[in-house]
Each structure stands twice: as structure tokens, then as C-alpha cells.
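The next block is my_file.cif, given as mmCIF, C-alpha atoms.
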```cif
data_query
#
loop_
_atom_site.label_atom_id
_atom_site.label_comp_id
_atom_site.auth_asym_id
_atom_site.auth_seq_id
_atom_site.Cartn_x
_atom_site.Cartn_y
_atom_site.Cartn_z
CA MET M 1 6.84 3.73 0.51
CA ALA M 2 8.53 6.83 1.91
CA ILE M 3 6.77 9.80 3.44
CA ASP M 4 7.88 13.28 2.48
CA GLU M 5 8.77 14.56 5.95
CA ASN M 6 9.67 18.02 4.67
CA LYS M 7 5.94 18.79 4.57
CA THR M 8 5.38 18.00 8.22
CA THR M 9 8.62 19.01 9.97
CA MET M 10 8.95 22.37 11.71
CA ASP M 11 11.42 24.81 10.18
CA TYR M 12 13.92 25.41 12.97
CA ASN M 13 16.06 27.71 10.87
CA ASP M 14 13.61 30.55 11.57
CA ASN M 15 14.74 30.64 15.22
CA PRO M 16 18.44 31.16 16.08
CA LEU M 17 17.91 29.31 19.38
CA LEU M 18 16.94 26.15 17.50
CA SER M 19 19.79 24.42 15.72
CA ARG M 20 19.24 21.41 13.45
CA LYS M 21 22.91 20.38 13.36
CA ILE M 22 22.31 17.59 15.88
CA THR M 23 18.80 16.30 16.41
CA ILE M 24 17.23 13.53 18.48
CA PHE M 25 13.62 12.45 17.94
CA ASN M 26 13.27 15.24 15.33
CA LEU M 27 14.24 17.87 17.92
CA PRO M 28 17.41 19.95 18.31
CA ILE M 29 19.51 18.15 20.90
CA GLY M 30 19.20 20.94 23.48
CA TRP M 31 15.42 20.81 23.48
CA PHE M 32 15.37 17.03 23.57
CA LEU M 33 17.73 16.94 26.55
CA GLY M 34 15.47 19.43 28.30
CA PHE M 35 12.44 17.19 27.87
CA SER M 36 14.56 14.18 28.83
CA ALA M 37 15.58 15.85 32.08
CA ILE M 38 11.89 16.21 33.02
CA ALA M 39 11.26 12.52 32.39
CA ILE M 40 14.39 11.28 34.18
CA VAL M 41 13.86 13.50 37.24
CA SER M 42 10.27 12.29 37.39
CA MET M 43 11.48 8.69 37.23
CA TYR M 44 13.92 9.04 40.15
CA MET M 45 11.45 11.08 42.20
CA GLY M 46 8.94 8.27 41.74
CA VAL M 47 6.22 10.53 40.36
CA LEU M 48 5.85 9.01 36.87
CA PRO M 49 2.15 8.15 36.54
CA PRO M 50 1.29 4.52 35.80
CA GLY M 51 -0.05 3.64 32.39
CA LEU M 52 0.36 5.31 29.03
CA ILE M 53 1.77 8.75 29.93
CA GLY M 54 4.48 7.76 32.38
CA ALA M 55 5.60 4.55 30.70
CA LEU M 56 5.63 5.85 27.13
CA LEU M 57 7.38 9.08 28.13
CA ILE M 58 10.31 7.36 29.81
CA MET M 59 10.48 4.66 27.12
CA ILE M 60 10.72 7.26 24.34
CA VAL M 61 13.32 9.30 26.21
CA LEU M 62 15.54 6.36 27.16
CA GLY M 63 15.07 4.75 23.74
CA GLU M 64 16.09 7.83 21.81
CA LEU M 65 19.04 8.60 24.12
CA LEU M 66 20.43 5.07 24.02
CA GLY M 67 19.62 4.78 20.31
CA PHE M 68 21.54 7.99 19.60
CA ILE M 69 24.54 6.67 21.50
CA GLY M 70 24.47 3.37 19.63
CA ASP M 71 24.08 5.00 16.23
CA HIS M 72 27.10 7.25 16.85
CA THR M 73 29.50 4.79 18.47
CA PRO M 74 32.12 3.25 16.14
CA ILE M 75 32.04 -0.55 15.73
CA ILE M 76 28.66 -0.73 17.48
CA LYS M 77 26.94 1.31 14.76
CA THR M 78 28.72 -0.58 11.99
CA PHE M 79 28.70 -4.20 13.10
CA LEU M 80 26.49 -4.68 16.17
CA GLY M 81 23.15 -3.22 15.13
CA GLY M 82 23.68 0.34 16.38
CA GLY M 83 20.98 2.02 18.42
CA ALA M 84 18.65 -0.99 18.48
CA ILE M 85 21.14 -3.17 20.35
CA VAL M 86 22.19 -0.40 22.75
CA ALA M 87 18.54 0.38 23.55
CA ILE M 88 17.81 -3.25 24.42
CA PHE M 89 20.96 -4.09 26.35
CA GLY M 90 21.30 -0.63 27.87
CA SER M 91 17.82 -0.75 29.38
CA SER M 92 18.33 -4.38 30.41
CA TYR M 93 21.50 -3.34 32.22
CA LEU M 94 19.63 -0.56 34.02
CA VAL M 95 17.31 -3.22 35.43
CA TYR M 96 20.09 -5.79 36.04
CA SER M 97 22.21 -3.27 37.97
CA GLY M 98 19.30 -1.77 39.89
CA LEU M 99 19.80 1.68 38.37
CA MET M 100 16.21 1.80 37.16
CA PRO M 101 13.73 2.31 40.02
CA ALA M 102 11.45 -0.64 40.72
CA GLY M 103 8.38 1.54 40.20
CA THR M 104 9.49 2.41 36.67
CA VAL M 105 10.19 -1.24 35.88
CA GLU M 106 6.72 -2.13 37.10
CA SER M 107 5.11 0.67 35.08
CA ILE M 108 6.87 -0.33 31.84
CA THR M 109 6.05 -3.99 32.44
CA GLU M 110 2.39 -3.16 32.95
CA PHE M 111 2.30 -1.00 29.82
CA MET M 112 4.00 -3.67 27.69
CA LYS M 113 1.84 -6.55 28.90
CA ALA M 114 -1.51 -5.39 30.27
CA GLY M 115 -1.41 -2.25 28.10
CA ASP M 116 -0.73 -4.46 25.06
CA PHE M 117 1.82 -2.04 23.57
CA LEU M 118 3.72 -4.96 22.06
CA ASN M 119 0.73 -6.23 20.08
CA PHE M 120 -0.16 -2.64 19.13
CA TYR M 121 3.27 -2.25 17.51
CA ILE M 122 3.31 -5.68 15.86
CA ALA M 123 -0.15 -5.18 14.35
CA ALA M 124 0.95 -1.93 12.71
CA LEU M 125 4.19 -3.52 11.52
CA ILE M 126 2.70 -6.61 9.91
CA THR M 127 -0.31 -4.93 8.31
CA GLY M 128 1.44 -1.82 7.02
CA SER M 129 4.60 -3.51 5.77
CA ILE M 130 2.77 -6.12 3.71
CA LEU M 131 0.01 -3.85 2.37
CA GLY M 132 2.60 -1.16 1.63
CA MET M 133 4.79 -3.33 -0.57
CA ASN M 134 5.20 -2.00 -4.08
CA SER M 135 3.49 -4.10 -6.73
CA LYS M 136 6.15 -3.22 -9.31
CA VAL M 137 8.82 -4.91 -7.21
CA LEU M 138 6.67 -7.99 -6.79
CA LEU M 139 5.84 -8.19 -10.49
CA GLN M 140 9.42 -7.69 -11.63
CA ALA M 141 10.82 -10.27 -9.23
CA GLY M 142 7.89 -12.58 -9.79
CA LEU M 143 7.40 -15.84 -7.99
CA ARG M 144 11.02 -16.71 -8.76
CA TYR M 145 12.25 -14.68 -5.79
CA ALA M 146 10.46 -17.09 -3.45
CA PHE M 147 12.87 -19.86 -4.46
CA PRO M 148 16.16 -18.29 -3.24
CA LEU M 149 14.28 -16.93 -0.22
CA LEU M 150 13.08 -20.40 0.81
CA ALA M 151 16.43 -21.92 -0.12
CA GLY M 152 18.21 -19.48 2.18
CA ILE M 153 15.97 -20.55 5.06
CA VAL M 154 16.46 -24.25 4.31
CA GLY M 155 20.23 -23.79 3.93
CA ALA M 156 20.42 -21.98 7.27
CA ILE M 157 18.36 -24.65 9.05
CA VAL M 158 20.30 -27.58 7.57
CA LEU M 159 23.80 -26.19 8.16
CA ALA M 160 22.91 -24.98 11.66
CA ALA M 161 21.51 -28.41 12.55
CA ILE M 162 24.67 -30.12 11.26
CA VAL M 163 27.06 -27.73 13.01
CA GLY M 164 24.96 -27.83 16.16
CA LYS M 165 25.09 -31.63 16.24
CA ILE M 166 28.87 -31.54 15.85
CA VAL M 167 29.38 -29.10 18.76
CA GLY M 168 26.85 -30.79 21.04
CA PHE M 169 23.65 -28.76 20.58
CA SER M 170 20.27 -30.40 20.02
CA ILE M 171 18.50 -29.88 16.70
CA GLN M 172 15.70 -28.18 18.61
CA ASP M 173 18.03 -25.56 20.08
CA SER M 174 19.96 -25.09 16.83
CA VAL M 175 16.80 -24.55 14.77
CA LEU M 176 14.18 -23.04 17.08
CA VAL M 177 16.35 -20.99 19.43
CA MET M 178 19.07 -19.87 17.02
CA THR M 179 18.27 -20.28 13.30
CA LEU M 180 14.70 -18.98 13.23
CA PRO M 181 15.28 -15.74 15.19
CA ILE M 182 18.33 -14.96 13.06
CA MET M 183 16.27 -15.47 9.89
CA GLY M 184 13.21 -13.75 11.36
CA GLY M 185 13.41 -10.20 10.02
CA GLY M 186 14.79 -8.35 13.05
CA LEU M 187 13.54 -7.66 16.55
CA GLY M 188 10.10 -6.11 16.17
CA ALA M 189 9.09 -8.32 13.25
CA GLY M 190 10.96 -11.48 14.26
CA ALA M 191 12.34 -12.16 17.71
CA VAL M 192 9.64 -10.36 19.69
CA PRO M 193 6.56 -12.03 18.12
CA MET M 194 8.51 -15.31 17.90
CA ALA M 195 9.12 -15.26 21.66
CA GLU M 196 5.39 -14.71 22.12
CA VAL M 197 4.65 -17.71 19.89
CA TYR M 198 7.11 -19.91 21.81
CA SER M 199 5.72 -18.74 25.14
CA GLU M 200 2.16 -19.61 24.16
CA LEU M 201 3.02 -22.99 22.62
CA LEU M 202 5.81 -24.15 24.95
CA GLY M 203 4.64 -22.67 28.24
CA LYS M 204 7.60 -20.72 29.62
CA ASP M 205 7.54 -16.95 30.07
CA THR M 206 8.27 -14.72 27.07
CA SER M 207 11.32 -13.25 28.85
CA TYR M 208 12.96 -16.70 28.92
CA TYR M 209 12.75 -17.10 25.15
CA MET M 210 13.67 -13.48 24.50
CA SER M 211 16.90 -13.95 26.47
CA LEU M 212 17.77 -16.87 24.19
CA LEU M 213 16.70 -15.30 20.90
CA ILE M 214 18.30 -11.86 21.16
CA PRO M 215 21.98 -12.99 21.44
CA ALA M 216 21.53 -15.13 18.32
CA LEU M 217 19.98 -12.22 16.46
CA ALA M 218 22.74 -9.81 17.45
CA LEU M 219 25.54 -12.21 16.49
CA GLY M 220 23.79 -13.09 13.24
CA ASN M 221 23.64 -9.40 12.35
CA VAL M 222 27.39 -9.06 12.92
CA PHE M 223 28.23 -12.00 10.68
CA ALA M 224 25.75 -10.87 8.00
CA ILE M 225 27.46 -7.48 7.72
CA ILE M 226 30.97 -8.95 7.66
CA LEU M 227 30.07 -11.57 5.05
CA ALA M 228 28.29 -8.95 2.91
CA ALA M 229 31.61 -7.14 2.60
CA GLY M 230 33.20 -10.49 1.75
CA LEU M 231 30.69 -11.13 -1.04
CA ASN M 232 31.52 -7.73 -2.51
CA VAL M 233 35.20 -8.75 -2.66
CA LEU M 234 34.23 -12.12 -4.15
CA GLY M 235 32.25 -10.38 -6.89
CA LYS M 236 35.28 -8.30 -7.87
CA LYS M 237 37.41 -11.43 -8.18
CA PHE M 238 34.75 -13.39 -10.08
CA PRO M 239 32.72 -10.88 -12.15
CA SER M 240 30.52 -13.57 -13.68
CA LEU M 241 28.88 -14.16 -10.28
CA THR M 242 27.56 -10.63 -9.84
CA GLY M 243 25.34 -8.07 -11.53
CA ASN M 244 27.10 -5.29 -9.55
CA GLY M 245 23.90 -4.29 -7.81
CA GLN M 246 21.37 -5.74 -10.27
CA LEU M 247 19.50 -8.83 -9.18
CA ILE M 248 17.86 -9.26 -12.59
CA LYS M 249 19.16 -7.87 -15.86
CA GLY M 250 17.43 -4.65 -16.88
CA PHE M 251 15.60 -4.11 -13.58
CA THR M 252 15.30 -0.52 -12.32
CA TYR M 253 13.12 0.85 -9.53
CA GLU M 254 12.55 4.21 -7.89
CA GLN M 255 10.98 4.46 -4.42
CA PRO M 256 7.92 6.74 -4.55
CA VAL M 257 7.67 9.68 -2.14
CA LEU M 258 4.29 10.22 -0.49
CA LYS M 259 2.95 13.24 1.33
CA ALA M 260 2.07 12.46 4.94
CA ASP M 261 -1.68 12.44 5.57
CA PHE M 262 -2.78 12.36 9.22
CA GLY M 263 -6.31 11.29 8.25
CA LYS M 264 -4.91 8.28 6.43
CA MET M 265 -2.81 7.41 9.48
CA GLY M 266 -6.03 7.20 11.46
CA VAL M 267 -7.47 4.85 8.87
CA GLY M 268 -4.26 2.82 9.07
CA LEU M 269 -4.67 2.45 12.84
CA LEU M 270 -8.19 1.12 12.31
CA VAL M 271 -7.00 -1.31 9.61
CA ALA M 272 -4.11 -2.63 11.72
CA ALA M 273 -6.32 -3.20 14.77
CA SER M 274 -8.97 -4.87 12.62
CA PHE M 275 -6.55 -7.33 11.01
CA TYR M 276 -5.14 -8.10 14.46
CA MET M 277 -8.64 -8.98 15.63
CA VAL M 278 -9.23 -11.12 12.53
CA GLY M 279 -6.17 -13.15 13.52
CA THR M 280 -7.43 -13.37 17.10
CA ILE M 281 -10.94 -14.46 16.08
CA LEU M 282 -9.75 -17.08 13.59
CA GLY M 283 -7.22 -18.27 16.15
CA GLN M 284 -10.14 -19.51 18.22
CA PHE M 285 -10.90 -22.06 15.51
CA ILE M 286 -7.58 -22.64 13.71
CA PRO M 287 -4.69 -24.25 15.65
CA ILE M 288 -2.14 -21.67 14.45
CA HIS M 289 -0.83 -18.65 16.34
CA PRO M 290 -2.92 -15.47 15.69
CA TYR M 291 0.19 -13.66 14.38
CA ALA M 292 0.62 -16.30 11.68
CA ILE M 293 -3.09 -16.12 10.77
CA MET M 294 -2.87 -12.33 10.62
CA ILE M 295 0.12 -12.52 8.29
CA LEU M 296 -1.60 -14.97 5.97
CA THR M 297 -4.78 -12.90 5.95
CA VAL M 298 -3.01 -9.66 5.09
CA ALA M 299 -0.91 -11.37 2.42
CA ILE M 300 -4.01 -12.88 0.77
CA VAL M 301 -5.79 -9.52 0.83
CA LYS M 302 -2.75 -7.84 -0.73
CA ALA M 303 -2.28 -10.53 -3.40
CA THR M 304 -5.95 -10.43 -4.45
CA ASN M 305 -6.26 -6.62 -4.37
CA LEU M 306 -9.33 -6.74 -2.14
CA LEU M 307 -8.60 -3.36 -0.57
CA PRO M 308 -8.60 -0.03 -2.44
CA ALA M 309 -5.26 1.71 -2.84
CA PHE M 310 -6.01 4.46 -0.32
CA ILE M 311 -6.57 1.91 2.46
CA GLU M 312 -3.32 0.13 1.62
CA GLU M 313 -1.52 3.48 1.63
CA SER M 314 -3.17 4.38 4.94
CA ALA M 315 -1.91 1.16 6.54
CA SER M 316 1.56 1.85 5.17
CA GLN M 317 1.62 5.42 6.50
CA TRP M 318 0.44 4.31 9.95
CA TYR M 319 3.13 1.61 9.99
CA GLN M 320 5.80 4.17 9.07
CA PHE M 321 4.59 6.56 11.78
CA VAL M 322 4.67 3.84 14.43
CA ALA M 323 8.03 2.46 13.26
CA LYS M 324 9.65 5.91 13.15
CA ASN M 325 8.39 7.15 16.50
CA PHE M 326 7.90 4.07 18.67
CA THR M 327 10.52 1.50 17.61
CA LEU M 328 13.21 2.56 20.08
CA ALA M 329 10.58 2.99 22.79
CA LEU M 330 9.42 -0.57 22.14
CA LEU M 331 13.01 -1.81 22.34
CA ILE M 332 13.30 -0.23 25.79
CA GLY M 333 10.26 -2.27 26.78
CA VAL M 334 11.88 -5.36 25.28
CA GLY M 335 15.05 -4.69 27.26
CA VAL M 336 13.27 -4.02 30.55
CA VAL M 337 10.57 -6.68 30.40
CA TYR M 338 11.83 -9.46 28.15
CA THR M 339 15.64 -9.40 28.29
CA ASP M 340 17.33 -11.16 31.21
CA LEU M 341 20.93 -9.95 30.96
CA GLY M 342 22.20 -12.59 33.38
CA ALA M 343 20.69 -15.38 31.27
CA ILE M 344 22.16 -13.89 28.10
CA LEU M 345 25.68 -13.72 29.51
CA SER M 346 25.48 -17.31 30.66
CA ALA M 347 24.21 -18.50 27.26
CA LEU M 348 27.14 -17.24 25.17
CA SER M 349 29.85 -19.77 24.29
CA ILE M 350 32.23 -20.70 21.46
CA GLN M 351 29.78 -23.38 20.32
CA TYR M 352 26.98 -20.80 20.24
CA VAL M 353 29.05 -18.47 18.04
CA VAL M 354 30.00 -21.29 15.68
CA ILE M 355 26.36 -22.28 15.15
CA VAL M 356 25.38 -18.68 14.44
CA MET M 357 28.12 -18.51 11.82
CA GLY M 358 26.72 -21.72 10.33
CA VAL M 359 23.24 -20.17 10.09
CA VAL M 360 24.48 -17.16 8.12
CA LEU M 361 26.72 -19.23 5.83
CA GLY M 362 23.83 -21.64 5.19
CA ALA M 363 21.61 -18.73 4.18
CA ILE M 364 24.26 -17.46 1.74
CA ILE M 365 24.85 -20.88 0.17
CA GLY M 366 21.17 -21.78 -0.19
CA ALA M 367 20.05 -18.41 -1.56
CA GLY M 368 23.05 -18.02 -3.87
CA LEU M 369 22.88 -21.47 -5.45
CA VAL M 370 19.13 -21.54 -5.99
CA GLY M 371 19.14 -17.89 -7.07
CA LYS M 372 21.51 -18.77 -9.89
CA LEU M 373 19.30 -21.71 -10.93
CA VAL M 374 16.24 -19.45 -11.32
CA GLY M 375 18.06 -16.74 -13.28
CA PHE M 376 19.38 -14.32 -10.64
CA TYR M 377 22.97 -13.24 -10.11
CA PRO M 378 24.17 -15.53 -7.27
CA ILE M 379 25.94 -12.83 -5.24
CA GLU M 380 22.97 -10.47 -5.35
CA ALA M 381 20.64 -13.37 -4.51
CA ALA M 382 22.87 -14.36 -1.59
CA ILE M 383 22.90 -10.78 -0.30
CA THR M 384 19.17 -10.06 -0.60
CA ALA M 385 17.49 -13.45 -0.04
CA GLY M 386 20.21 -14.70 2.30
CA LEU M 387 21.94 -11.99 4.32
CA CYS M 388 18.95 -9.64 4.39
CA MET M 389 17.03 -12.48 6.02
CA ALA M 390 19.83 -13.08 8.52
CA ASN M 391 20.26 -9.48 9.69
CA MET M 392 18.28 -7.25 12.07
CA GLY M 393 15.50 -6.09 9.79
CA GLY M 394 15.46 -2.54 8.41
CA THR M 395 18.62 -1.30 10.15
CA GLY M 396 20.34 -4.56 9.24
CA ASP M 397 19.32 -4.15 5.58
CA VAL M 398 21.00 -0.77 5.45
CA ALA M 399 24.15 -2.08 7.13
CA VAL M 400 24.38 -5.19 4.94
CA LEU M 401 23.76 -3.39 1.65
CA SER M 402 26.16 -0.65 2.66
CA ALA M 403 28.88 -3.20 3.44
CA ALA M 404 28.18 -4.94 0.12
CA LYS M 405 28.12 -1.56 -1.70
CA ARG M 406 24.77 -2.41 -3.26
CA MET M 407 22.21 -0.02 -1.76
CA GLU M 408 20.15 -0.19 -4.95
CA LEU M 409 19.02 -3.67 -3.85
CA MET M 410 16.91 -2.20 -1.02
CA PRO M 411 13.50 -3.13 -2.56
CA PHE M 412 14.48 -6.81 -2.58
CA ALA M 413 16.01 -6.52 0.87
CA GLN M 414 12.66 -5.22 2.09
CA ILE M 415 10.86 -8.21 0.57
CA SER M 416 13.21 -10.49 2.50
CA SER M 417 12.81 -8.59 5.77
CA ARG M 418 9.03 -8.18 5.46
CA LEU M 419 7.61 -11.27 3.79
CA GLY M 420 10.58 -13.44 4.76
CA GLY M 421 10.27 -12.40 8.38
CA ALA M 422 6.53 -13.07 8.31
CA LEU M 423 7.21 -16.49 6.81
CA ILE M 424 9.60 -17.33 9.65
CA ILE M 425 6.97 -16.53 12.29
CA LEU M 426 4.56 -18.86 10.50
CA LEU M 427 7.29 -21.49 10.19
CA ALA M 428 8.17 -21.17 13.89
CA SER M 429 4.58 -21.84 14.93
CA LEU M 430 4.58 -25.00 12.79
CA LEU M 431 8.07 -26.33 13.67
CA VAL M 432 7.45 -26.03 17.40
CA ASN M 433 4.95 -28.88 17.07
CA ILE M 434 7.50 -30.99 15.16
CA PHE M 435 10.55 -30.52 17.38
CA VAL M 436 8.79 -30.54 20.74
#
```

Please lay out the structure from this file as C-alpha cells.
Amino acid sequence: MAIDENKTTMDYNDNPLLSRKITIFNLPIGWFLGFSAIAIVSMYMGVLPPGLIGALLIMIVLGELLGFIGDHTPIIKTFLGGGAIVAIFGSSYLVYSGLMPAGTVESITEFMKAGDFLNFYIAALITGSILGMNSKVLLQAGLRYAFPLLAGIVGAIVLAAIVGKIVGFSIQDSVLVMTLPIMGGGLGAGAVPMAEVYSELLGKDTSYYMSLLIPALALGNVFAIILAAGLNVLGKKFPSLTGNGQLIKGFTYEQPVLKADFGKMGVGLLVAASFYMVGTILGQFIPIHPYAIMILTVAIVKATNLLPAFIEESASQWYQFVAKNFTLALLIGVGVVYTDLGAILSALSIQYVVIVMGVVLGAIIGAGLVGKLVGFYPIEAAITAGLCMANMGGTGDVAVLSAAKRMELMPFAQISSRLGGALIILLASLLVNIFV
């Protein structure tokens, strides 16, 4: 669901000093840079207060600045994930090089861990994205869409395991460390909670697993975009394989526009926190990670229509508010706290790249073949159920569909990124016990 931001955004055209030609964080660039200067000067003077105000201020400022750079830099914005990647690796480099003061690093670390900002974000993401899914999309696609989705995951796991064995990687590393984060629905919905799951079940610190998961995710996003363009070319050469943007014959869908309601956002916050606590409580009795329990709980509630529509819409609006305003800030926290740049640089190798390529190809093959068997166009099935699982979530969906010239497939891409990503977190918590 999309919020009509025109109803809540200030009209800058009334003031000649405020130009909307270039904006960052919904502000004219001049005003944003002014606020940024306050935050950055405070950081280097060592006067940023600990806790919410200081940490969130500098995380928003650095996140939006680095995100703007990434989203406007050629090649990076097209193939490497844009602002998300620059925010993570840029902030990680600031720590690695010593350019970020130790006090700021400590403040952000405290806010992310003791302040529980990470779980705050994930709770909003999981609850709002699942409850906010459009029932029309689900009904039109039906249960059939689950088959190419699952086949893409299986194809990625199998081919990655085979390629990994050939180049000398263990099945555990090929599947847990590389395949699952690539297929996990992006950073906030995939790699970040997955690293938390691994940390809890395997014992090492979250930063260790994050340093292994993020390179795989970034490379997978690159290959997903490149191969999306390749599938578009393949469809032109073999027209029988494609619906030219239609997954199912006769399917049409228009995304509804909703007016932002701040009261509903408050309700959404309550709902997200409550579902998070349900997962935590049940996790005391069920030997599954609380994230996985939360996902299952929300999915069951959505499927059975237990909640009234206004509560579902409230959760969706809160999720959109959090995702729009705090995603880049969260990625700064991920870069500072959970991303060891030295470990990442040492992990990259030719074998690593080859396995990542195998993951993405496996997703295409599995989703495309099974998609055709259940009545979908194979190229569209490969793009949505395969590549939109193997990219970096929402930003990756846009990049992949743009490269494939099939933006009209966005509803199905969102199913892959949302439910598919949630499925991967659940799968990760189960496979850890098998491979370890």
C-alpha cells in the first residue's frame, strides 16, 4: 500500500528560499546540509548525548548523506544496490579508518544493541509488510505462486551446494553463509535478522555473521540485476517464454493510494510491538527463533482475517513510516556495529564469486521451470520468484524489474521479497540445526 505523501508534505514553493529541485530526507538540500553540519560538528566535538537523541541524529544524517551519494553515483546506483550499500560500507569504513570518533561508535553501538533499535525496526517491517499485503494479489496468484517461489529457493541451494563443493567450499558455508542471505529479502528483512538468528544458535557475535552475509548479498544483487536484463533479451528471442510483463494471462492490478493517518501509525506501533512480544513469549516454549515465530503468527492472522482492516492498514502505515525514515539510519548502525570491513575484504575470492553466481542461476532455473509447470510464463516466474528473491529487497526489486523492463510485476516482486524473505528466516533457523 502506498501513502499519499502530498497530503503531509510541506509546500516549499511558497518560499523562494526553499527549493525542491534537490531534496534529501524530504528537505531542500541546503536546509538538510545545515542540520547535518550541526550533527557532524557535535560528533567531532564529542558533545553528542548518549542514547536516542545523539545516536539517531547522527545515524539519520550520515545515512541520508551516504544514501544520497550512492543513489546518484553511476554503476553503484544501477548494479551495486545504490544508497543502501554505500551507507553500510561507508559507515563501516569510517570506523575501520578511525575517522568516526570512538565516542560516536560507542553511542551507536549502545543504541543498536541495548536500545534495541534493530528489533524495533524488524518488528515494524515484518508485521506491517505481511499485514499490508493486498488480498487481490494473493487471490489472483493463488497458492500456485508458492511453487515457483519454493523451487527458486531449492534451485539456489542445490546449485550453490554443487558449485561450492567443486570449488572447495563446505555445504554449510555455501548454504548458510551465502545462499540464504542472498535469497533472504534484502538487508533489513534478511541478512540482519538472519545474523541475529545465527548468533543466537551458533554462538559467535552478530558482527561476525554480518561480515560474512553482506558481501554475498551485495554480489547477489549485482548478478540479479545483470541476469534480469539477460532474461529480457531471452524473451525477445523466444516470445513463447514470456508474457511481456504478465505473470498470468489476464491479470491486472493497481496499487491503492492511502491518505497518511498519524493516529493509525500509533496503532501500528502498538501492533508491531505486540506481535514482537508474542514471538518472544512463545519462544520461551517453542525451540524456534522468536523472529520465525513472529512471522508465522502474523501470517496466520493475515490468512485467517482475524484483525479488522483498519488495524492491518495501521500496521502497514507504521511500517511504511519506519521504512521511509529509518532504513538508511538503521544501515548506518549495521555498518558501524555489525560490519567488519577487514573481515569482508579477506572473505572475497574467485570461488566466492562463482558460488554467488550459482545461487542466482539456481534461483532462475528453479523458479522458471516450476513456474511454467504451474501455468506461469517462465521468464516472468524466473524474474519475480527467482531474481526478486535473490536481490536486495525493495531497492533490488526496483532495480531488477527496471533492468528486465517489467515494472508492472512489482506486486509479485513484493510477495517474493516479503513472504519469501520471511520464509528464508524461518528456513535458516531450521537448517542451522541440520548443518551444524

Item to check | Shell of 9 Å around region 215-227 of chain M, all atoms listed in the file, local chain residues under 6 positions omitted, as number ranges by chain | outcome: M: 78-81, 85, 177-179, 181-184, 186-187, 191, 344-345, 347-348, 352-353, 356-357, 359-361, 364, 383, 386-388, 390-392, 396, 399-404

Checklist entry - Of the candidates M:Lys113, M:Lys77, M:Lys264, M:Lys372, which shows the shortest atom-to-atom distance to Gly243 (chain M), using only C-alpha atoms? => result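 That would be M:Lys372, the residue with the smallest distance to Gly243 (chain M).
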
Checklist outcome for this item: Here CA of Leu330 (chain M) and CA of Ile126 (chain M) stand apart by 15.2 Å

Checklist entry - Exactly which residues make up the result of the PyMOL selection byres ((chain M and resi 208) around 12) on this file, given as a VMD selection string? => result chain M and resid 177 192 194 to 196 198 to 199 202 to 207 209 to 214 334 337 to 344 347

Next on the checklist: Could you tell me how far CA of Ala329 (chain M) sits from CA of Trp31 (chain M), in Å to one decimal place?
Outcome noted: 18.5 Å

Region 288-396 of chain M near region 45-61 of chain M within 10 Å: what's each residue's closest atom pair and its distance in Å to one decimal, counting all atoms listed in the file, ordered by chain then ascending residue number, as JSON lines?
```
{"residue": "M:Asn325", "atom": "CA", "partner": "M:Ile60", "partner_atom": "CA", "distance": 8.2}
{"residue": "M:Phe326", "atom": "CA", "partner": "M:Ile60", "partner_atom": "CA", "distance": 7.1}
{"residue": "M:Thr327", "atom": "CA", "partner": "M:Ile60", "partner_atom": "CA", "distance": 8.9}
{"residue": "M:Leu328", "atom": "CA", "partner": "M:Ile60", "partner_atom": "CA", "distance": 6.8}
{"residue": "M:Ala329", "atom": "CA", "partner": "M:Ile60", "partner_atom": "CA", "distance": 4.5}
{"residue": "M:Leu330", "atom": "CA", "partner": "M:Met59", "partner_atom": "CA", "distance": 7.3}
{"residue": "M:Leu331", "atom": "CA", "partner": "M:Met59", "partner_atom": "CA", "distance": 8.4}
{"residue": "M:Ile332", "atom": "CA", "partner": "M:Met59", "partner_atom": "CA", "distance": 5.8}
{"residue": "M:Gly333", "atom": "CA", "partner": "M:Met59", "partner_atom": "CA", "distance": 6.9}
{"residue": "M:Val336", "atom": "CA", "partner": "M:Met59", "partner_atom": "CA", "distance": 9.7}
```

Next on the checklist: Please report the interatomic distance between CA of Val163 (chain M) and CA of Ile355 (chain M) in Å with one decimal.
Outcome noted: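 Going from CA of Val163 (chain M) over to CA of Ile355 (chain M), I get 5.9 Å.
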
Next on the checklist: the PyMOL selection byres ((chain M and resi 294-308) around 12) - which residues does that actually catch in the file I just gave you? List them as a VMD selection string.
Outcome noted: chain M and resid 119 122 to 135 138 to 139 143 189 193 271 to 283 286 288 to 293 309 to 315 418 to 427

Checklist entry - Taking into account all atoms listed in the file, which residue in the set M:Met100, M:Leu231, M:Leu62, M:Ala151 is nearest to Ala84 (chain M)? => result M:Leu62

Checklist entry - So which residues touch Asp71 (chain M) within 8 Å, counting only C-alpha atoms, skipping near sequence neighbours fewer than 5 positions away, as a VMD selection string? => result chain M and resid 76 to 77 82 to 83

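Checking M:Lys237, M:Glu200, M:Gly103, M:Phe376 one by one against Ser42 (chain M), counting all atoms listed in the file, you find the shortest gap at M:Gly103.
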
Which centre and edge lengths in Å to one decimal define the box along x, y and z that fits every listed atom of region 346-359 of chain M plus 6 Å per side, as JSON?
```
{"center_x": 27.7, "center_y": -20.3, "center_z": 20.4, "size_x": 21.0, "size_y": 18.1, "size_z": 32.6}
```

Next on the checklist: as a list of chain:residue names, please: the residues near Leu234 (chain M) (cut-off 12 Å, all atoms listed in the file, same-chain neighbours under 3 positions excluded).
Outcome noted: M:Leu227, M:Ala228, M:Ala229, M:Gly230, M:Leu231, M:Lys237, M:Phe238, M:Pro239, M:Ser240, M:Leu241, M:Thr242, M:Asn244, M:Pro378, M:Ile379, M:Glu380, M:Ala382, M:Ala404

Item to check | Evaluate the PyMOL selection byres ((chain M and resi 262) around 10) and report residues as a list in words | outcome: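 The output of the PyMOL selection byres ((chain M and resi 262) around 10) on this file is Thr8, Lys259, Ala260, Asp261, Gly263, Lys264, Met265, Gly266, Val267, Gly268, Ser314, Gln317, Trp318 and Phe321 of chain M.
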
Could you turn the residues from that selection into a file that holds C-alpha atoms, as a compact mmCIF listing (two decimals), keeping the file's coordinate frame?
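Wrote it out as again-v7.txt, contents follow:
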```txt
# COMPACT_ATOMS: atom_id res chain seq x y z
CA THR M 8 5.38 18.00 8.22
CA LYS M 259 2.95 13.24 1.33
CA ALA M 260 2.07 12.46 4.94
CA ASP M 261 -1.68 12.44 5.57
CA GLY M 263 -6.31 11.29 8.25
CA LYS M 264 -4.91 8.28 6.43
CA MET M 265 -2.81 7.41 9.48
CA GLY M 266 -6.03 7.20 11.46
CA VAL M 267 -7.47 4.85 8.87
CA GLY M 268 -4.26 2.82 9.07
CA SER M 314 -3.17 4.38 4.94
CA GLN M 317 1.62 5.42 6.50
CA TRP M 318 0.44 4.31 9.95
CA PHE M 321 4.59 6.56 11.78
```
